[in-house]
Each structure stands twice: as C-alpha cells, then as structure tokens.
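Worksheet: one structure, shown below.
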Amino acid sequence: MAENNRKAIISVKNMAKNYGETEVLKKIDVDIYEGQVVSVLGPSGSGKSTFLRCLNNLEEITSGEITIDGNTLKGIADDPKNKKLNEKAAREIRKNVGMVFQQFNLWPHKTVLENVMECPVHVKKIKKDEAKKTAIELLERVGMAGKADAYPSQLSGGQQQRVAIARTLAMKPDIVLFDEPTSALDPEFVGEVLDVMKKLAEDGMTMLVVTHEMGFAAEVSDRVCFMDSGYIIEDGEPEEVFKNPKSERARAFFSKILNVG
C-alpha cells in the first residue's frame with residue numbers, strides 16, 4: 001500500500017461513542033486513504049455499523065474527532081457546543097459521502113429512474129434533463145437500464161440494491177460507505193451486488209464496507225479492519241489479517257469463518 005503518497009481522506013482520532021453508560025466504540029484511531037477499499041469485519045455487536053454511521057453524523061460521537069475532506073466532527077461530551085457545529089459539518093460531509101444501507105430505502109411510488117434522479121434534482125438542484133442523462137448512465141453501469149420504468153416492488157432484492165447504489169452514485173460522492181449491503185438479500189442475489197461493488201473498486205472509488213462477505217474482503221479490499229468490543233484490533237492487508245492475525249480474538253473468529261487453523 002502506497003499510503004505515504006496518498007491523501008488521508010478520512011481521519012479518525014481517539015473517537016468514542018456511548019449510549020448512556022454503554023460504551024459501543026472505544027478510542028478508534030484510523031486513517032482511510034483516497035482510492036482505498038477498506039472492509040470492516042467482526043462479530044455482531046462489535047460496533048461496525050455504529051462506526052460507519054458516526055462518519056457522516058448519523059450517530060453523534062461522544063468524544064474524539066472525525067475529519068473527512070477537511071470537515072471535522074467533534075465529540076459532544078468534549079464540548080456541548082460541538083453538537084451545533086457538527087450539524088453544519090455533517091451537511092458538508094454528506095455532499096461528498098454517499099451511504100448504501102442494508103435495506104434499500106427506495107421510494108416505492110417512484111420508478112427506478114425517478115429514484116436515481118430525485119436527490120440530484122432536489123438536493124443539488126441539477127436540471128432534470130442532465131439528471132436524467134446521468135441516471136440512465138448509472139443504471140447502465142449497475143446493469144439496471146432495462147428496468148428504468150419499473151417500480152421497486154417489481155424488482156428482486158438484488159436489483160433494488162443495485163438501484164440504491166446507482167442512486168448514491170448520482171450524487172457524485174468522493175466516498176461511499178456500505179453498511180452490510182448484502183445482508184438482507186437472498187443468497188442468489190448477493191453476487192450481482194458484489195459485482196457492482198467490485199467495478200466501483202476497479203474505478204478507484206474510496207469505499208468503506210461493513211460486510212460478512214469474506215471472499216469480497218479478500219479479493220477486493222486494500223485493507224481489512226477487524227473490530228471487536230468497540231475496538232479496531234486488526235488493521236492490515238487482507239492476506240495478513242486473515243492468515244496471520246495478531247490477536248487471539250481475530251484468530252478465533254477467522255478460524256471459524258474461514259476454516260483455517
């Protein structure tokens with residue numbers, strides 16, 4: 001990894017997230033570099049999705065800070081005034097950071113094409129003709145151009161998720177966060193979504209992916225971060241983390257998942 005020659009597009013410093021007395025994330029320190037694909041792995045309840053949601057202020061951080069493209073979110077326990085400042089910073093972050101969720105969240109009363117056009121037209125004030133042209137190109141890119149006039153209820157789960165990815169890309173983000181994008185899919189539809197994500201990686205998109213898909217993480221990721229009990233306890237190249245994890249917890253996890261000793 002040529003990290004020394006890359007810009008740290010996401011920088012997380014000493015970040016923690018509490019729900020009341022419950023510490024969900026504890027002292028997270030990590031830099032994500034421009035163009036990297038980073039898979040975040042770990043057992044259920046380890047804080048993976050919460051970590052992702054903190055990056056665009058869908059969850060407020062308790063302490064520490066997150067800087068994305070020069071915009072900084074700061075812990076609200078460090079200073080209550082940060083709550084208001086974070087709202088302003090989050091608006092800027094969300095202009096350049098897209099997110100794809102487990103559930104597709106498509107508007108059921110709008111066609112596939114309208115779903116992809118909606119945010120560019122109403123949020124970025126793009127002219128409808130331009131937004132339509134871009135939407136058609138993106139639907140072609142994710143293999144859904146033939147379903148432009150269909151409604152979400154007429155699509156399989158995999159097709160809906162591909163439309164959701166196109167909708168995210170329509171906002172022209174610098175970074176895309178994927179929160180277990182295949183976990184709600186029937187197994188037969190997982191591959192078509194992963195194929196789209198692989199193409200995005202090949203095109204140089206910066207991606208942070210919470211996933212249980214070990215094959216994807218091994219094949220596509222530049223880095224793997226393994227989380228447990230609110231900490232990132234492993235961070236390295238996939239082969240290194242999978243085959244030679246430093247922690248006993250990661251060794252136990254991967255020995256069960258990957259059937260390695």
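As shown in the structure tokens, the chain order sets the letters A, B, ...; within each chain, residues go from 1, and ligands are also counted from 1 in the order they appear.
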Quick one: contact table of segment 122-141 of chain A to segment 169-181 of chain A, 8 Å max, nearest atom pair and distance in Å to one decimal per residue, counting only C-alpha atoms, chain and number order, as a Markdown table?
```
| residue | atom | partner | partner_atom | distance |
| --- | --- | --- | --- | --- |
| A:Lys124 | CA | A:Met171 | CA | 7.8 |
| A:Thr134 | CA | A:Ala170 | CA | 7.0 |
| A:Ala135 | CA | A:Ala170 | CA | 6.6 |
| A:Leu138 | CA | A:Ala170 | CA | 7.2 |
```
Just list the residues in segment 8-216 of chain A DSSP gives alpha helix (DSSP H) on the backbone, as a PyMOL selection string.
chain A and resi 48-55+82-96+112-122+128-141+157-169+187-202+214-216
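Compared by their closest atoms to Thr182 of chain A, and using only C-alpha atoms, the residues A:His212, A:Lys256, A:Lys243, A:Arg141 rank with A:His212 nearest.
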Excluding Arg223 of chain A and its own-chain neighbours fewer than 3 positions away, which residues fall within 9 Å of it when counting only C-alpha atoms? Please give them as a PyMOL selection string.
chain A and resi 1+36-40+217-218+220+235-238+241
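Proximity to segment 56-59 of chain A at 9 Å, evaluated using only C-alpha atoms and with sequence-adjacent residues fewer than 3 positions away removed, yields Lys17, Thr50, Phe51, Leu52, Arg53, Ile68, Leu73, Asn86, Glu87, Ala89, Ala90, Arg91, Ile93, Arg94, Val97, Gly98 and Met99 of chain A.
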Can you check which residues of segment 31-219 of chain A DSSP gives as strand (DSSP E or B) on the backbone and send them as a PDB file with all heavy atoms, in the first residue's frame?
```pdb
ATOM      1  N   ASP A  31      -6.919   5.943   9.739  1.00  0.00           N
ATOM      2  CA  ASP A  31      -6.926   6.799   8.553  1.00  0.00           C
ATOM      3  C   ASP A  31      -7.297   5.957   7.345  1.00  0.00           C
ATOM      4  O   ASP A  31      -6.789   4.840   7.181  1.00  0.00           O
ATOM      5  CB  ASP A  31      -5.548   7.427   8.313  1.00  0.00           C
ATOM      6  CG  ASP A  31      -5.211   8.522   9.315  1.00  0.00           C
ATOM      7  OD1 ASP A  31      -6.148   9.123   9.867  1.00  0.00           O
ATOM      8  OD2 ASP A  31      -4.009   8.766   9.532  1.00  0.00           O
ATOM      9  N   ILE A  32      -8.187   6.495   6.517  1.00  0.00           N
ATOM     10  CA  ILE A  32      -8.556   5.857   5.253  1.00  0.00           C
ATOM     11  C   ILE A  32      -8.041   6.744   4.132  1.00  0.00           C
ATOM     12  O   ILE A  32      -8.253   7.967   4.148  1.00  0.00           O
ATOM     13  CB  ILE A  32     -10.086   5.700   5.126  1.00  0.00           C
ATOM     14  CG1 ILE A  32     -10.681   5.035   6.376  1.00  0.00           C
ATOM     15  CG2 ILE A  32     -10.432   4.923   3.859  1.00  0.00           C
ATOM     16  CD1 ILE A  32     -10.186   3.649   6.656  1.00  0.00           C
ATOM     17  N   TYR A  33      -7.373   6.138   3.176  1.00  0.00           N
ATOM     18  CA  TYR A  33      -6.697   6.914   2.139  1.00  0.00           C
ATOM     19  C   TYR A  33      -7.495   6.931   0.846  1.00  0.00           C
ATOM     20  O   TYR A  33      -8.250   5.998   0.549  1.00  0.00           O
ATOM     21  CB  TYR A  33      -5.290   6.353   1.903  1.00  0.00           C
ATOM     22  CG  TYR A  33      -4.410   6.518   3.112  1.00  0.00           C
ATOM     23  CD1 TYR A  33      -4.399   5.545   4.112  1.00  0.00           C
ATOM     24  CD2 TYR A  33      -3.635   7.656   3.283  1.00  0.00           C
ATOM     25  CE1 TYR A  33      -3.618   5.712   5.247  1.00  0.00           C
ATOM     26  CE2 TYR A  33      -2.853   7.829   4.411  1.00  0.00           C
ATOM     27  CZ  TYR A  33      -2.852   6.848   5.395  1.00  0.00           C
ATOM     28  OH  TYR A  33      -2.088   7.014   6.519  1.00  0.00           O
ATOM     29  N   VAL A  37     -10.095   0.678  -0.739  1.00  0.00           N
ATOM     30  CA  VAL A  37     -11.273  -0.095  -0.364  1.00  0.00           C
ATOM     31  C   VAL A  37     -10.933  -0.775   0.958  1.00  0.00           C
ATOM     32  O   VAL A  37      -9.994  -1.576   1.029  1.00  0.00           O
ATOM     33  CB  VAL A  37     -11.629  -1.144  -1.428  1.00  0.00           C
ATOM     34  CG1 VAL A  37     -12.844  -1.967  -0.988  1.00  0.00           C
ATOM     35  CG2 VAL A  37     -11.896  -0.471  -2.771  1.00  0.00           C
ATOM     36  N   VAL A  38     -11.671  -0.433   2.001  1.00  0.00           N
ATOM     37  CA  VAL A  38     -11.410  -0.964   3.337  1.00  0.00           C
ATOM     38  C   VAL A  38     -12.642  -1.739   3.794  1.00  0.00           C
ATOM     39  O   VAL A  38     -13.742  -1.187   3.874  1.00  0.00           O
ATOM     40  CB  VAL A  38     -11.094   0.159   4.338  1.00  0.00           C
ATOM     41  CG1 VAL A  38     -10.832  -0.418   5.728  1.00  0.00           C
ATOM     42  CG2 VAL A  38      -9.892   0.975   3.862  1.00  0.00           C
ATOM     43  N   SER A  39     -12.459  -3.011   4.077  1.00  0.00           N
ATOM     44  CA  SER A  39     -13.542  -3.837   4.611  1.00  0.00           C
ATOM     45  C   SER A  39     -13.447  -3.870   6.126  1.00  0.00           C
ATOM     46  O   SER A  39     -12.364  -4.071   6.691  1.00  0.00           O
ATOM     47  CB  SER A  39     -13.471  -5.259   4.049  1.00  0.00           C
ATOM     48  OG  SER A  39     -13.843  -5.277   2.684  1.00  0.00           O
ATOM     49  N   VAL A  40     -14.582  -3.666   6.771  1.00  0.00           N
ATOM     50  CA  VAL A  40     -14.658  -3.693   8.238  1.00  0.00           C
ATOM     51  C   VAL A  40     -15.383  -4.975   8.637  1.00  0.00           C
ATOM     52  O   VAL A  40     -16.550  -5.171   8.306  1.00  0.00           O
ATOM     53  CB  VAL A  40     -15.399  -2.461   8.780  1.00  0.00           C
ATOM     54  CG1 VAL A  40     -15.412  -2.476  10.307  1.00  0.00           C
ATOM     55  CG2 VAL A  40     -14.747  -1.179   8.271  1.00  0.00           C
ATOM     56  N   LEU A  41     -14.670  -5.837   9.328  1.00  0.00           N
ATOM     57  CA  LEU A  41     -15.176  -7.156   9.685  1.00  0.00           C
ATOM     58  C   LEU A  41     -15.254  -7.295  11.199  1.00  0.00           C
ATOM     59  O   LEU A  41     -14.651  -6.523  11.939  1.00  0.00           O
ATOM     60  CB  LEU A  41     -14.254  -8.243   9.133  1.00  0.00           C
ATOM     61  CG  LEU A  41     -13.846  -8.148   7.668  1.00  0.00           C
ATOM     62  CD1 LEU A  41     -12.877  -9.279   7.329  1.00  0.00           C
ATOM     63  CD2 LEU A  41     -15.057  -8.192   6.758  1.00  0.00           C
ATOM     64  N   SER A  63     -16.797  11.400  22.071  1.00  0.00           N
ATOM     65  CA  SER A  63     -15.526  12.097  22.254  1.00  0.00           C
ATOM     66  C   SER A  63     -14.613  11.807  21.075  1.00  0.00           C
ATOM     67  O   SER A  63     -14.888  10.913  20.264  1.00  0.00           O
ATOM     68  CB  SER A  63     -14.852  11.675  23.564  1.00  0.00           C
ATOM     69  OG  SER A  63     -14.611  10.282  23.569  1.00  0.00           O
ATOM     70  N   GLY A  64     -13.519  12.575  20.992  1.00  0.00           N
ATOM     71  CA  GLY A  64     -12.606  12.434  19.858  1.00  0.00           C
ATOM     72  C   GLY A  64     -13.078  13.242  18.666  1.00  0.00           C
ATOM     73  O   GLY A  64     -13.929  14.138  18.792  1.00  0.00           O
ATOM     74  N   GLU A  65     -12.541  12.918  17.482  1.00  0.00           N
ATOM     75  CA  GLU A  65     -12.942  13.660  16.296  1.00  0.00           C
ATOM     76  C   GLU A  65     -12.777  12.837  15.034  1.00  0.00           C
ATOM     77  O   GLU A  65     -12.007  11.877  14.973  1.00  0.00           O
ATOM     78  CB  GLU A  65     -12.156  14.968  16.176  1.00  0.00           C
ATOM     79  CG  GLU A  65     -10.658  14.819  15.969  1.00  0.00           C
ATOM     80  CD  GLU A  65      -9.964  16.180  15.863  1.00  0.00           C
ATOM     81  OE1 GLU A  65     -10.276  17.068  16.679  1.00  0.00           O
ATOM     82  OE2 GLU A  65      -9.123  16.332  14.965  1.00  0.00           O
ATOM     83  N   ILE A  66     -13.550  13.242  14.020  1.00  0.00           N
ATOM     84  CA  ILE A  66     -13.514  12.648  12.689  1.00  0.00           C
ATOM     85  C   ILE A  66     -13.344  13.781  11.688  1.00  0.00           C
ATOM     86  O   ILE A  66     -14.107  14.762  11.734  1.00  0.00           O
ATOM     87  CB  ILE A  66     -14.831  11.903  12.377  1.00  0.00           C
ATOM     88  CG1 ILE A  66     -15.069  10.747  13.350  1.00  0.00           C
ATOM     89  CG2 ILE A  66     -14.847  11.398  10.935  1.00  0.00           C
ATOM     90  CD1 ILE A  66     -16.486  10.190  13.293  1.00  0.00           C
ATOM     91  N   THR A  67     -12.367  13.660  10.794  1.00  0.00           N
ATOM     92  CA  THR A  67     -12.192  14.664   9.743  1.00  0.00           C
ATOM     93  C   THR A  67     -12.317  13.988   8.388  1.00  0.00           C
ATOM     94  O   THR A  67     -11.630  12.995   8.110  1.00  0.00           O
ATOM     95  CB  THR A  67     -10.823  15.356   9.859  1.00  0.00           C
ATOM     96  OG1 THR A  67     -10.716  15.982  11.143  1.00  0.00           O
ATOM     97  CG2 THR A  67     -10.673  16.425   8.769  1.00  0.00           C
ATOM     98  N   ILE A  68     -13.209  14.517   7.559  1.00  0.00           N
ATOM     99  CA  ILE A  68     -13.450  13.986   6.220  1.00  0.00           C
ATOM    100  C   ILE A  68     -13.406  15.148   5.235  1.00  0.00           C
ATOM    101  O   ILE A  68     -14.202  16.094   5.346  1.00  0.00           O
ATOM    102  CB  ILE A  68     -14.805  13.261   6.125  1.00  0.00           C
ATOM    103  CG1 ILE A  68     -14.852  12.093   7.121  1.00  0.00           C
ATOM    104  CG2 ILE A  68     -15.054  12.764   4.708  1.00  0.00           C
ATOM    105  CD1 ILE A  68     -16.176  11.354   7.138  1.00  0.00           C
ATOM    106  N   ASN A  71     -13.563  18.587   6.741  1.00  0.00           N
ATOM    107  CA  ASN A  71     -14.680  18.906   7.638  1.00  0.00           C
ATOM    108  C   ASN A  71     -14.594  18.012   8.868  1.00  0.00           C
ATOM    109  O   ASN A  71     -14.456  16.792   8.736  1.00  0.00           O
ATOM    110  CB  ASN A  71     -16.014  18.702   6.921  1.00  0.00           C
ATOM    111  CG  ASN A  71     -16.157  19.603   5.712  1.00  0.00           C
ATOM    112  OD1 ASN A  71     -16.319  20.808   5.849  1.00  0.00           O
ATOM    113  ND2 ASN A  71     -16.069  19.020   4.519  1.00  0.00           N
ATOM    114  N   THR A  72     -14.705  18.606  10.054  1.00  0.00           N
ATOM    115  CA  THR A  72     -14.444  17.874  11.287  1.00  0.00           C
ATOM    116  C   THR A  72     -15.680  17.787  12.176  1.00  0.00           C
ATOM    117  O   THR A  72     -16.362  18.788  12.427  1.00  0.00           O
ATOM    118  CB  THR A  72     -13.299  18.531  12.075  1.00  0.00           C
ATOM    119  OG1 THR A  72     -12.114  18.515  11.272  1.00  0.00           O
ATOM    120  CG2 THR A  72     -13.016  17.776  13.365  1.00  0.00           C
ATOM    121  N   LEU A  73     -15.942  16.556  12.644  1.00  0.00           N
ATOM    122  CA  LEU A  73     -16.955  16.284  13.668  1.00  0.00           C
ATOM    123  C   LEU A  73     -16.225  16.061  14.982  1.00  0.00           C
ATOM    124  O   LEU A  73     -15.238  15.334  15.023  1.00  0.00           O
ATOM    125  CB  LEU A  73     -17.755  15.034  13.314  1.00  0.00           C
ATOM    126  CG  LEU A  73     -18.451  15.014  11.949  1.00  0.00           C
ATOM    127  CD1 LEU A  73     -18.983  13.610  11.653  1.00  0.00           C
ATOM    128  CD2 LEU A  73     -19.592  16.026  11.910  1.00  0.00           C
ATOM    129  N   LYS A  74     -16.734  16.675  16.068  1.00  0.00           N
ATOM    130  CA  LYS A  74     -16.075  16.559  17.359  1.00  0.00           C
ATOM    131  C   LYS A  74     -17.040  16.028  18.410  1.00  0.00           C
ATOM    132  O   LYS A  74     -18.246  16.231  18.331  1.00  0.00           O
ATOM    133  CB  LYS A  74     -15.514  17.925  17.796  1.00  0.00           C
ATOM    134  CG  LYS A  74     -14.416  18.444  16.868  1.00  0.00           C
ATOM    135  CD  LYS A  74     -13.799  19.727  17.390  1.00  0.00           C
ATOM    136  CE  LYS A  74     -12.658  20.200  16.497  1.00  0.00           C
ATOM    137  NZ  LYS A  74     -12.020  21.427  17.005  1.00  0.00           N
ATOM    138  N   VAL A  97     -20.054  12.267   0.673  1.00  0.00           N
ATOM    139  CA  VAL A  97     -20.018  10.914   1.218  1.00  0.00           C
ATOM    140  C   VAL A  97     -21.392  10.271   1.025  1.00  0.00           C
ATOM    141  O   VAL A  97     -22.380  10.728   1.604  1.00  0.00           O
ATOM    142  CB  VAL A  97     -19.647  10.912   2.711  1.00  0.00           C
ATOM    143  CG1 VAL A  97     -19.651   9.485   3.261  1.00  0.00           C
ATOM    144  CG2 VAL A  97     -18.272  11.547   2.919  1.00  0.00           C
ATOM    145  N   GLY A  98     -21.439   9.228   0.195  1.00  0.00           N
ATOM    146  CA  GLY A  98     -22.681   8.503  -0.014  1.00  0.00           C
ATOM    147  C   GLY A  98     -22.744   7.298   0.905  1.00  0.00           C
ATOM    148  O   GLY A  98     -21.722   6.813   1.392  1.00  0.00           O
ATOM    149  N   MET A  99     -23.968   6.804   1.129  1.00  0.00           N
ATOM    150  CA  MET A  99     -24.118   5.638   2.005  1.00  0.00           C
ATOM    151  C   MET A  99     -25.155   4.692   1.431  1.00  0.00           C
ATOM    152  O   MET A  99     -26.234   5.110   1.001  1.00  0.00           O
ATOM    153  CB  MET A  99     -24.505   6.062   3.417  1.00  0.00           C
ATOM    154  CG  MET A  99     -24.453   4.925   4.417  1.00  0.00           C
ATOM    155  SD  MET A  99     -24.332   5.534   6.126  1.00  0.00           S
ATOM    156  CE  MET A  99     -24.156   4.001   7.024  1.00  0.00           C
ATOM    157  N   VAL A 100     -24.799   3.402   1.427  1.00  0.00           N
ATOM    158  CA  VAL A 100     -25.699   2.345   0.983  1.00  0.00           C
ATOM    159  C   VAL A 100     -25.998   1.471   2.193  1.00  0.00           C
ATOM    160  O   VAL A 100     -25.079   0.967   2.846  1.00  0.00           O
ATOM    161  CB  VAL A 100     -25.069   1.503  -0.146  1.00  0.00           C
ATOM    162  CG1 VAL A 100     -25.996   0.369  -0.564  1.00  0.00           C
ATOM    163  CG2 VAL A 100     -24.749   2.391  -1.348  1.00  0.00           C
ATOM    164  N   ILE A 175     -16.607   9.386  -1.596  1.00  0.00           N
ATOM    165  CA  ILE A 175     -16.516   8.215  -0.732  1.00  0.00           C
ATOM    166  C   ILE A 175     -17.888   7.554  -0.673  1.00  0.00           C
ATOM    167  O   ILE A 175     -18.910   8.255  -0.601  1.00  0.00           O
ATOM    168  CB  ILE A 175     -16.109   8.625   0.708  1.00  0.00           C
ATOM    169  CG1 ILE A 175     -14.795   9.412   0.715  1.00  0.00           C
ATOM    170  CG2 ILE A 175     -16.022   7.412   1.625  1.00  0.00           C
ATOM    171  CD1 ILE A 175     -14.573  10.207   1.983  1.00  0.00           C
ATOM    172  N   VAL A 176     -17.907   6.230  -0.674  1.00  0.00           N
ATOM    173  CA  VAL A 176     -19.167   5.520  -0.448  1.00  0.00           C
ATOM    174  C   VAL A 176     -18.998   4.578   0.745  1.00  0.00           C
ATOM    175  O   VAL A 176     -18.051   3.795   0.807  1.00  0.00           O
ATOM    176  CB  VAL A 176     -19.630   4.729  -1.681  1.00  0.00           C
ATOM    177  CG1 VAL A 176     -20.953   4.014  -1.383  1.00  0.00           C
ATOM    178  CG2 VAL A 176     -19.813   5.640  -2.889  1.00  0.00           C
ATOM    179  N   LEU A 177     -19.919   4.688   1.689  1.00  0.00           N
ATOM    180  CA  LEU A 177     -19.970   3.814   2.851  1.00  0.00           C
ATOM    181  C   LEU A 177     -21.035   2.743   2.597  1.00  0.00           C
ATOM    182  O   LEU A 177     -22.172   3.069   2.261  1.00  0.00           O
ATOM    183  CB  LEU A 177     -20.344   4.609   4.106  1.00  0.00           C
ATOM    184  CG  LEU A 177     -19.560   5.905   4.373  1.00  0.00           C
ATOM    185  CD1 LEU A 177     -20.135   6.620   5.592  1.00  0.00           C
ATOM    186  CD2 LEU A 177     -18.074   5.615   4.551  1.00  0.00           C
ATOM    187  N   PHE A 178     -20.661   1.494   2.760  1.00  0.00           N
ATOM    188  CA  PHE A 178     -21.592   0.384   2.567  1.00  0.00           C
ATOM    189  C   PHE A 178     -21.812  -0.308   3.910  1.00  0.00           C
ATOM    190  O   PHE A 178     -20.869  -0.852   4.484  1.00  0.00           O
ATOM    191  CB  PHE A 178     -21.030  -0.637   1.572  1.00  0.00           C
ATOM    192  CG  PHE A 178     -20.945  -0.154   0.155  1.00  0.00           C
ATOM    193  CD1 PHE A 178     -19.819   0.525  -0.290  1.00  0.00           C
ATOM    194  CD2 PHE A 178     -21.970  -0.403  -0.744  1.00  0.00           C
ATOM    195  CE1 PHE A 178     -19.724   0.959  -1.606  1.00  0.00           C
ATOM    196  CE2 PHE A 178     -21.882   0.024  -2.063  1.00  0.00           C
ATOM    197  CZ  PHE A 178     -20.760   0.703  -2.492  1.00  0.00           C
ATOM    198  N   ASP A 179     -23.047  -0.291   4.391  1.00  0.00           N
ATOM    199  CA  ASP A 179     -23.358  -0.922   5.677  1.00  0.00           C
ATOM    200  C   ASP A 179     -24.037  -2.264   5.433  1.00  0.00           C
ATOM    201  O   ASP A 179     -25.252  -2.345   5.286  1.00  0.00           O
ATOM    202  CB  ASP A 179     -24.261  -0.009   6.507  1.00  0.00           C
ATOM    203  CG  ASP A 179     -24.483  -0.549   7.913  1.00  0.00           C
ATOM    204  OD1 ASP A 179     -23.806  -1.531   8.282  1.00  0.00           O
ATOM    205  OD2 ASP A 179     -25.332   0.007   8.631  1.00  0.00           O
ATOM    206  N   THR A 206     -13.222   5.449  -3.389  1.00  0.00           N
ATOM    207  CA  THR A 206     -12.899   5.199  -1.990  1.00  0.00           C
ATOM    208  C   THR A 206     -14.123   4.562  -1.331  1.00  0.00           C
ATOM    209  O   THR A 206     -15.216   5.125  -1.375  1.00  0.00           O
ATOM    210  CB  THR A 206     -12.537   6.507  -1.265  1.00  0.00           C
ATOM    211  OG1 THR A 206     -11.479   7.158  -1.964  1.00  0.00           O
ATOM    212  CG2 THR A 206     -12.101   6.237   0.163  1.00  0.00           C
ATOM    213  N   MET A 207     -13.936   3.394  -0.737  1.00  0.00           N
ATOM    214  CA  MET A 207     -15.057   2.635  -0.191  1.00  0.00           C
ATOM    215  C   MET A 207     -14.718   2.103   1.187  1.00  0.00           C
ATOM    216  O   MET A 207     -13.627   1.575   1.406  1.00  0.00           O
ATOM    217  CB  MET A 207     -15.414   1.471  -1.126  1.00  0.00           C
ATOM    218  CG  MET A 207     -15.884   1.897  -2.500  1.00  0.00           C
ATOM    219  SD  MET A 207     -15.832   0.565  -3.745  1.00  0.00           S
ATOM    220  CE  MET A 207     -16.868  -0.677  -2.986  1.00  0.00           C
ATOM    221  N   LEU A 208     -15.659   2.238   2.093  1.00  0.00           N
ATOM    222  CA  LEU A 208     -15.566   1.633   3.416  1.00  0.00           C
ATOM    223  C   LEU A 208     -16.760   0.696   3.548  1.00  0.00           C
ATOM    224  O   LEU A 208     -17.909   1.145   3.471  1.00  0.00           O
ATOM    225  CB  LEU A 208     -15.585   2.716   4.488  1.00  0.00           C
ATOM    226  CG  LEU A 208     -15.147   2.350   5.900  1.00  0.00           C
ATOM    227  CD1 LEU A 208     -13.726   1.805   5.902  1.00  0.00           C
ATOM    228  CD2 LEU A 208     -15.228   3.573   6.819  1.00  0.00           C
ATOM    229  N   VAL A 209     -16.488  -0.596   3.707  1.00  0.00           N
ATOM    230  CA  VAL A 209     -17.524  -1.615   3.565  1.00  0.00           C
ATOM    231  C   VAL A 209     -17.613  -2.469   4.828  1.00  0.00           C
ATOM    232  O   VAL A 209     -16.681  -3.214   5.152  1.00  0.00           O
ATOM    233  CB  VAL A 209     -17.231  -2.536   2.360  1.00  0.00           C
ATOM    234  CG1 VAL A 209     -18.391  -3.504   2.131  1.00  0.00           C
ATOM    235  CG2 VAL A 209     -16.960  -1.722   1.090  1.00  0.00           C
ATOM    236  N   VAL A 210     -18.724  -2.354   5.545  1.00  0.00           N
ATOM    237  CA  VAL A 210     -19.023  -3.290   6.630  1.00  0.00           C
ATOM    238  C   VAL A 210     -19.671  -4.512   5.992  1.00  0.00           C
ATOM    239  O   VAL A 210     -20.699  -4.395   5.313  1.00  0.00           O
ATOM    240  CB  VAL A 210     -19.969  -2.662   7.671  1.00  0.00           C
ATOM    241  CG1 VAL A 210     -20.445  -3.722   8.667  1.00  0.00           C
ATOM    242  CG2 VAL A 210     -19.270  -1.527   8.410  1.00  0.00           C
TER     243      VAL A 210
END
```
Any idea what's packed within 12 Å of Arg249 of chain A, counting only C-alpha atoms, ignoring anything in its chain fewer than 2 positions away? Could you give it as a ChimeraX atom specification?
/A:42-43,46,226-229,231-234,241,245-247,251-256
